[in-house]
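Shown next, in structure tokens, is the structure this report addresses.
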Amino acid sequence: MKLDRPVTGGPCWTELGTTDIEGAKRFYAAVFGWRPETDPRQEAGGYTVAHLGDAAVAALSPLYQEAQPVAWNVSFAVEDADAAAQQVRAAGGTVLLGPMDVFDVGVLTVAADPTGAVFQLWQARAFPGAGLFNAPGSLGWVELMTREPRQAEAFYTAVFGWTVHSSERYTQWGIAGDDFGGMTTMDEKFPPEVPPHWLPYFAVADVDTTAADAVGAGGDVLMPPTSVPDGPRLAVLRDPQGAMFGVYLTRDAH
């Protein structure tokens, strides 16, 4: 993506909700080389921040509700959590949780768009979000998978003011034209039980090697390494607990 730091309206963080924090630590360390640090406070519930060097790049979190699926979640930066929650409701979305204070680091809101895709809003205080983007092992793209693309486009442009670049093949989201993600329409290839969702893509130096490493660490390949016409080489993988994520070849690797 063209963003290299958290900006208002753009993706600022991604976190995995999982049933097995220790297993996730091992898997993602093997795949991305992440160094996990678990918050020792009991009230943090095992929340773990993954690092590359000194930069925080993602989090591994326990599930907080019984109905919460094992999945990666994408957070978007907002300046005012309360105002953003009102915008979500006004545009036809649903606020599922919050806004709620997270220690002194920020204010979290969990929401769903009108098509059913869940996402998070983050009002930063001490923690602005990821300290690294677009480099191998860090977040580099976010993609909305939905069955109602027109409804989704109307919602997100109303809430965040995103710019939209559409072609026959793909729709891209941006902040003032700086693209950071896209939207794919879920067709008959997607099983009906798969809900609309946001999918994070992590940059890697070699897609094929990363896919093989994921399998070696107990994961699966859902979409094998593929070169997109006029686009990157990418793959969609699944960790041992069932969470899906994408990887793509970063230009910075060459």
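For the structure tokens, the naming scheme is as follows: chains receive sequential letters (A, B, ...) according to their order of presentation, residues are indexed from 1 within each chain, and ligands are indexed from 1 in presentation order.
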
message: Can you pull out the residues contacting A:Ala212? Cut-off 12 Å, using only C-alpha atoms, and skip same-chain residues under 2 positions away; I want them as a VMD selection string.
response: chain A and resid 30 to 31 206 to 210 214 to 221 224 to 225 235 to 238

Selection export as a compact mmCIF listing (two decimals), in the first residue's frame, atoms kept: all heavy atoms:
# COMPACT_ATOMS: atom_id res chain seq x y z
N ALA A 30 7.56 -18.90 12.83
CA ALA A 30 8.13 -19.72 11.77
C ALA A 30 7.87 -19.13 10.38
O ALA A 30 8.73 -19.20 9.50
CB ALA A 30 7.54 -21.14 11.84
N VAL A 31 6.71 -18.51 10.18
CA VAL A 31 6.33 -18.00 8.86
C VAL A 31 6.91 -16.61 8.59
O VAL A 31 7.42 -16.34 7.51
CB VAL A 31 4.79 -17.96 8.73
CG1 VAL A 31 4.37 -17.30 7.43
CG2 VAL A 31 4.23 -19.39 8.79
N ASP A 206 9.32 -13.72 -0.56
CA ASP A 206 9.13 -14.83 -1.49
C ASP A 206 7.81 -15.53 -1.14
O ASP A 206 7.72 -16.18 -0.09
CB ASP A 206 10.30 -15.81 -1.40
CG ASP A 206 10.27 -16.88 -2.49
OD1 ASP A 206 9.20 -17.50 -2.68
OD2 ASP A 206 11.31 -17.09 -3.14
N VAL A 207 6.81 -15.38 -1.99
CA VAL A 207 5.49 -15.95 -1.72
C VAL A 207 5.53 -17.46 -1.66
O VAL A 207 4.93 -18.09 -0.78
CB VAL A 207 4.48 -15.47 -2.78
CG1 VAL A 207 3.14 -16.20 -2.64
CG2 VAL A 207 4.26 -13.97 -2.67
N ASP A 208 6.23 -18.09 -2.59
CA ASP A 208 6.26 -19.55 -2.66
C ASP A 208 6.94 -20.15 -1.43
O ASP A 208 6.45 -21.13 -0.85
CB ASP A 208 6.98 -20.00 -3.93
CG ASP A 208 6.27 -19.52 -5.18
OD1 ASP A 208 6.30 -18.31 -5.48
OD2 ASP A 208 5.65 -20.35 -5.87
N THR A 209 8.04 -19.54 -1.00
CA THR A 209 8.73 -20.02 0.19
C THR A 209 7.87 -19.84 1.43
O THR A 209 7.80 -20.73 2.29
CB THR A 209 10.07 -19.28 0.37
OG1 THR A 209 10.91 -19.56 -0.75
CG2 THR A 209 10.77 -19.71 1.64
N THR A 210 7.18 -18.69 1.52
CA THR A 210 6.32 -18.44 2.68
C THR A 210 5.18 -19.45 2.74
O THR A 210 4.83 -19.95 3.82
CB THR A 210 5.76 -17.01 2.63
OG1 THR A 210 6.84 -16.08 2.59
CG2 THR A 210 4.88 -16.73 3.83
N ALA A 214 4.49 -22.04 5.74
CA ALA A 214 3.21 -22.13 6.45
C ALA A 214 2.74 -23.58 6.56
O ALA A 214 2.27 -24.02 7.61
CB ALA A 214 2.15 -21.28 5.76
N VAL A 215 2.86 -24.31 5.47
CA VAL A 215 2.48 -25.72 5.48
C VAL A 215 3.38 -26.51 6.45
O VAL A 215 2.91 -27.35 7.23
CB VAL A 215 2.55 -26.32 4.07
CG1 VAL A 215 2.34 -27.83 4.10
CG2 VAL A 215 1.50 -25.67 3.17
N GLY A 216 4.67 -26.22 6.41
CA GLY A 216 5.60 -26.90 7.29
C GLY A 216 5.34 -26.64 8.76
O GLY A 216 5.65 -27.47 9.62
N ALA A 217 4.71 -25.47 9.05
CA ALA A 217 4.41 -25.11 10.43
C ALA A 217 3.02 -25.55 10.85
O ALA A 217 2.58 -25.23 11.96
CB ALA A 217 4.56 -23.60 10.62
N GLY A 218 2.32 -26.29 9.97
CA GLY A 218 1.00 -26.82 10.32
C GLY A 218 -0.17 -26.10 9.72
O GLY A 218 -1.33 -26.42 10.01
N GLY A 219 0.09 -25.11 8.85
CA GLY A 219 -0.99 -24.38 8.20
C GLY A 219 -1.39 -24.99 6.87
O GLY A 219 -0.91 -26.06 6.48
N ASP A 220 -2.29 -24.29 6.17
CA ASP A 220 -2.79 -24.75 4.87
C ASP A 220 -2.66 -23.63 3.84
O ASP A 220 -2.64 -22.44 4.19
CB ASP A 220 -4.27 -25.15 4.95
CG ASP A 220 -4.51 -26.25 5.96
OD1 ASP A 220 -3.89 -27.32 5.80
OD2 ASP A 220 -5.31 -26.05 6.88
N VAL A 221 -2.66 -24.02 2.58
CA VAL A 221 -2.70 -23.06 1.47
C VAL A 221 -4.11 -23.08 0.89
O VAL A 221 -4.56 -24.11 0.38
CB VAL A 221 -1.66 -23.42 0.39
CG1 VAL A 221 -1.80 -22.47 -0.80
CG2 VAL A 221 -0.25 -23.35 0.96
N PRO A 224 -3.19 -21.07 -3.89
CA PRO A 224 -1.76 -21.26 -4.12
C PRO A 224 -1.11 -20.01 -4.69
O PRO A 224 -1.81 -19.13 -5.23
CB PRO A 224 -1.70 -22.43 -5.11
CG PRO A 224 -3.03 -22.42 -5.77
CD PRO A 224 -4.01 -21.94 -4.76
N PRO A 225 0.20 -19.89 -4.56
CA PRO A 225 0.88 -18.72 -5.11
C PRO A 225 0.48 -18.45 -6.56
O PRO A 225 0.55 -19.34 -7.41
CB PRO A 225 2.35 -19.10 -4.99
CG PRO A 225 2.40 -19.99 -3.78
CD PRO A 225 1.13 -20.79 -3.85
N ALA A 235 -0.69 -15.17 -2.31
CA ALA A 235 -1.29 -16.43 -1.89
C ALA A 235 -2.16 -16.14 -0.68
O ALA A 235 -1.97 -15.14 0.02
CB ALA A 235 -0.22 -17.46 -1.54
N VAL A 236 -3.14 -17.03 -0.44
CA VAL A 236 -3.97 -16.93 0.76
C VAL A 236 -3.74 -18.21 1.57
O VAL A 236 -3.84 -19.32 1.05
CB VAL A 236 -5.46 -16.78 0.42
CG1 VAL A 236 -6.30 -16.77 1.70
CG2 VAL A 236 -5.69 -15.48 -0.37
N LEU A 237 -3.41 -18.02 2.83
CA LEU A 237 -3.02 -19.12 3.71
C LEU A 237 -3.96 -19.20 4.91
O LEU A 237 -4.76 -18.31 5.15
CB LEU A 237 -1.58 -18.91 4.19
CG LEU A 237 -0.55 -18.57 3.09
CD1 LEU A 237 0.81 -18.26 3.71
CD2 LEU A 237 -0.44 -19.71 2.08
N ARG A 238 -3.85 -20.30 5.65
CA ARG A 238 -4.66 -20.48 6.85
C ARG A 238 -3.78 -21.07 7.94
O ARG A 238 -3.04 -22.03 7.70
CB ARG A 238 -5.85 -21.42 6.56
CG ARG A 238 -6.79 -21.62 7.75
CD ARG A 238 -8.06 -22.33 7.32
NE ARG A 238 -7.79 -23.61 6.68
CZ ARG A 238 -8.69 -24.28 5.94
NH1 ARG A 238 -9.90 -23.78 5.76
NH2 ARG A 238 -8.38 -25.44 5.40

List as a PDB file with N, CA, C and O atoms, in the first residue's frame the protein and nucleic acid residues near A:Trp162, meaning an atom at most 10 Å away when only C-alpha atoms are counted, but skip any in the same chain fewer than 6 places from it.
ATOM      1  N   GLY A   9      -8.283   7.282   9.092  1.00  0.00           N
ATOM      2  CA  GLY A   9      -9.080   6.631   8.061  1.00  0.00           C
ATOM      3  C   GLY A   9      -8.429   5.422   7.427  1.00  0.00           C
ATOM      4  O   GLY A   9      -9.096   4.630   6.753  1.00  0.00           O
ATOM      5  N   GLY A  10      -7.139   5.255   7.632  1.00  0.00           N
ATOM      6  CA  GLY A  10      -6.427   4.135   7.024  1.00  0.00           C
ATOM      7  C   GLY A  10      -6.215   2.992   7.995  1.00  0.00           C
ATOM      8  O   GLY A  10      -6.412   3.137   9.208  1.00  0.00           O
ATOM      9  N   GLU A 153     -19.365  -0.095  -0.651  1.00  0.00           N
ATOM     10  CA  GLU A 153     -18.716   1.127  -1.115  1.00  0.00           C
ATOM     11  C   GLU A 153     -19.408   2.367  -0.554  1.00  0.00           C
ATOM     12  O   GLU A 153     -18.757   3.307  -0.083  1.00  0.00           O
ATOM     13  N   ALA A 154     -20.727   2.360  -0.571  1.00  0.00           N
ATOM     14  CA  ALA A 154     -21.475   3.498  -0.031  1.00  0.00           C
ATOM     15  C   ALA A 154     -21.191   3.680   1.455  1.00  0.00           C
ATOM     16  O   ALA A 154     -21.043   4.814   1.940  1.00  0.00           O
ATOM     17  N   PHE A 155     -21.092   2.576   2.186  1.00  0.00           N
ATOM     18  CA  PHE A 155     -20.860   2.642   3.625  1.00  0.00           C
ATOM     19  C   PHE A 155     -19.486   3.203   3.947  1.00  0.00           C
ATOM     20  O   PHE A 155     -19.357   4.167   4.721  1.00  0.00           O
ATOM     21  N   TYR A 156     -18.443   2.623   3.380  1.00  0.00           N
ATOM     22  CA  TYR A 156     -17.089   3.013   3.766  1.00  0.00           C
ATOM     23  C   TYR A 156     -16.722   4.413   3.286  1.00  0.00           C
ATOM     24  O   TYR A 156     -15.981   5.130   3.971  1.00  0.00           O
ATOM     25  N   GLN A 172     -10.205  -0.529  -5.594  1.00  0.00           N
ATOM     26  CA  GLN A 172      -9.186  -0.187  -4.608  1.00  0.00           C
ATOM     27  C   GLN A 172      -9.644   0.984  -3.747  1.00  0.00           C
ATOM     28  O   GLN A 172     -10.258   1.932  -4.223  1.00  0.00           O
ATOM     29  N   TRP A 173      -9.312   0.872  -2.454  1.00  0.00           N
ATOM     30  CA  TRP A 173      -9.604   1.927  -1.488  1.00  0.00           C
ATOM     31  C   TRP A 173      -8.370   2.796  -1.297  1.00  0.00           C
ATOM     32  O   TRP A 173      -7.245   2.300  -1.321  1.00  0.00           O
ATOM     33  N   GLY A 174      -8.595   4.085  -1.023  1.00  0.00           N
ATOM     34  CA  GLY A 174      -7.466   4.961  -0.771  1.00  0.00           C
ATOM     35  C   GLY A 174      -7.807   6.105   0.167  1.00  0.00           C
ATOM     36  O   GLY A 174      -8.975   6.387   0.454  1.00  0.00           O
ATOM     37  N   ILE A 175      -6.763   6.752   0.657  1.00  0.00           N
ATOM     38  CA  ILE A 175      -6.874   8.000   1.407  1.00  0.00           C
ATOM     39  C   ILE A 175      -6.310   9.090   0.506  1.00  0.00           C
ATOM     40  O   ILE A 175      -5.109   9.099   0.219  1.00  0.00           O
ATOM     41  N   ALA A 176      -7.176   9.964   0.008  1.00  0.00           N
ATOM     42  CA  ALA A 176      -6.759  11.020  -0.923  1.00  0.00           C
ATOM     43  C   ALA A 176      -5.990  10.430  -2.106  1.00  0.00           C
ATOM     44  O   ALA A 176      -5.016  11.000  -2.589  1.00  0.00           O
ATOM     45  N   GLY A 177      -6.445   9.260  -2.561  1.00  0.00           N
ATOM     46  CA  GLY A 177      -5.836   8.632  -3.724  1.00  0.00           C
ATOM     47  C   GLY A 177      -4.680   7.705  -3.426  1.00  0.00           C
ATOM     48  O   GLY A 177      -4.195   7.011  -4.334  1.00  0.00           O
ATOM     49  N   ASP A 178      -4.203   7.674  -2.176  1.00  0.00           N
ATOM     50  CA  ASP A 178      -3.123   6.752  -1.802  1.00  0.00           C
ATOM     51  C   ASP A 178      -3.746   5.410  -1.417  1.00  0.00           C
ATOM     52  O   ASP A 178      -4.292   5.258  -0.317  1.00  0.00           O
ATOM     53  N   ASP A 179      -3.671   4.445  -2.326  1.00  0.00           N
ATOM     54  CA  ASP A 179      -4.352   3.169  -2.130  1.00  0.00           C
ATOM     55  C   ASP A 179      -3.709   2.352  -1.006  1.00  0.00           C
ATOM     56  O   ASP A 179      -2.492   2.280  -0.878  1.00  0.00           O
TER      57      ASP A 179
END

field: Among the residues A:Asp213, A:Asp113, A:Asp4, A:Glu66, the one that comes closest to A:Pro195 [using only C-alpha atoms]
entry: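 The shortest atom-to-atom distance to A:Pro195 comes from A:Asp113.
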
field: Long-range neighbours of A:Tyr64 as an NGL selection string, 10 Å cut-off, only C-alpha atoms, 5 positions minimum in chain
entry: :A and (17-19 or 45 or 69)

task: Taking the chain letters and numbering used in this document, name the residues of stretch 66-247 of chain A that DSSP puts in helix (DSSP H, G or I), as JSON, numbers by chain.
output: {"A": [81, 82, 83, 84, 85, 86, 87, 88, 89, 90, 149, 150, 151, 152, 153, 154, 155, 156, 157, 158, 159, 160, 207, 208, 209, 210, 211, 212, 213, 214, 215, 216]}
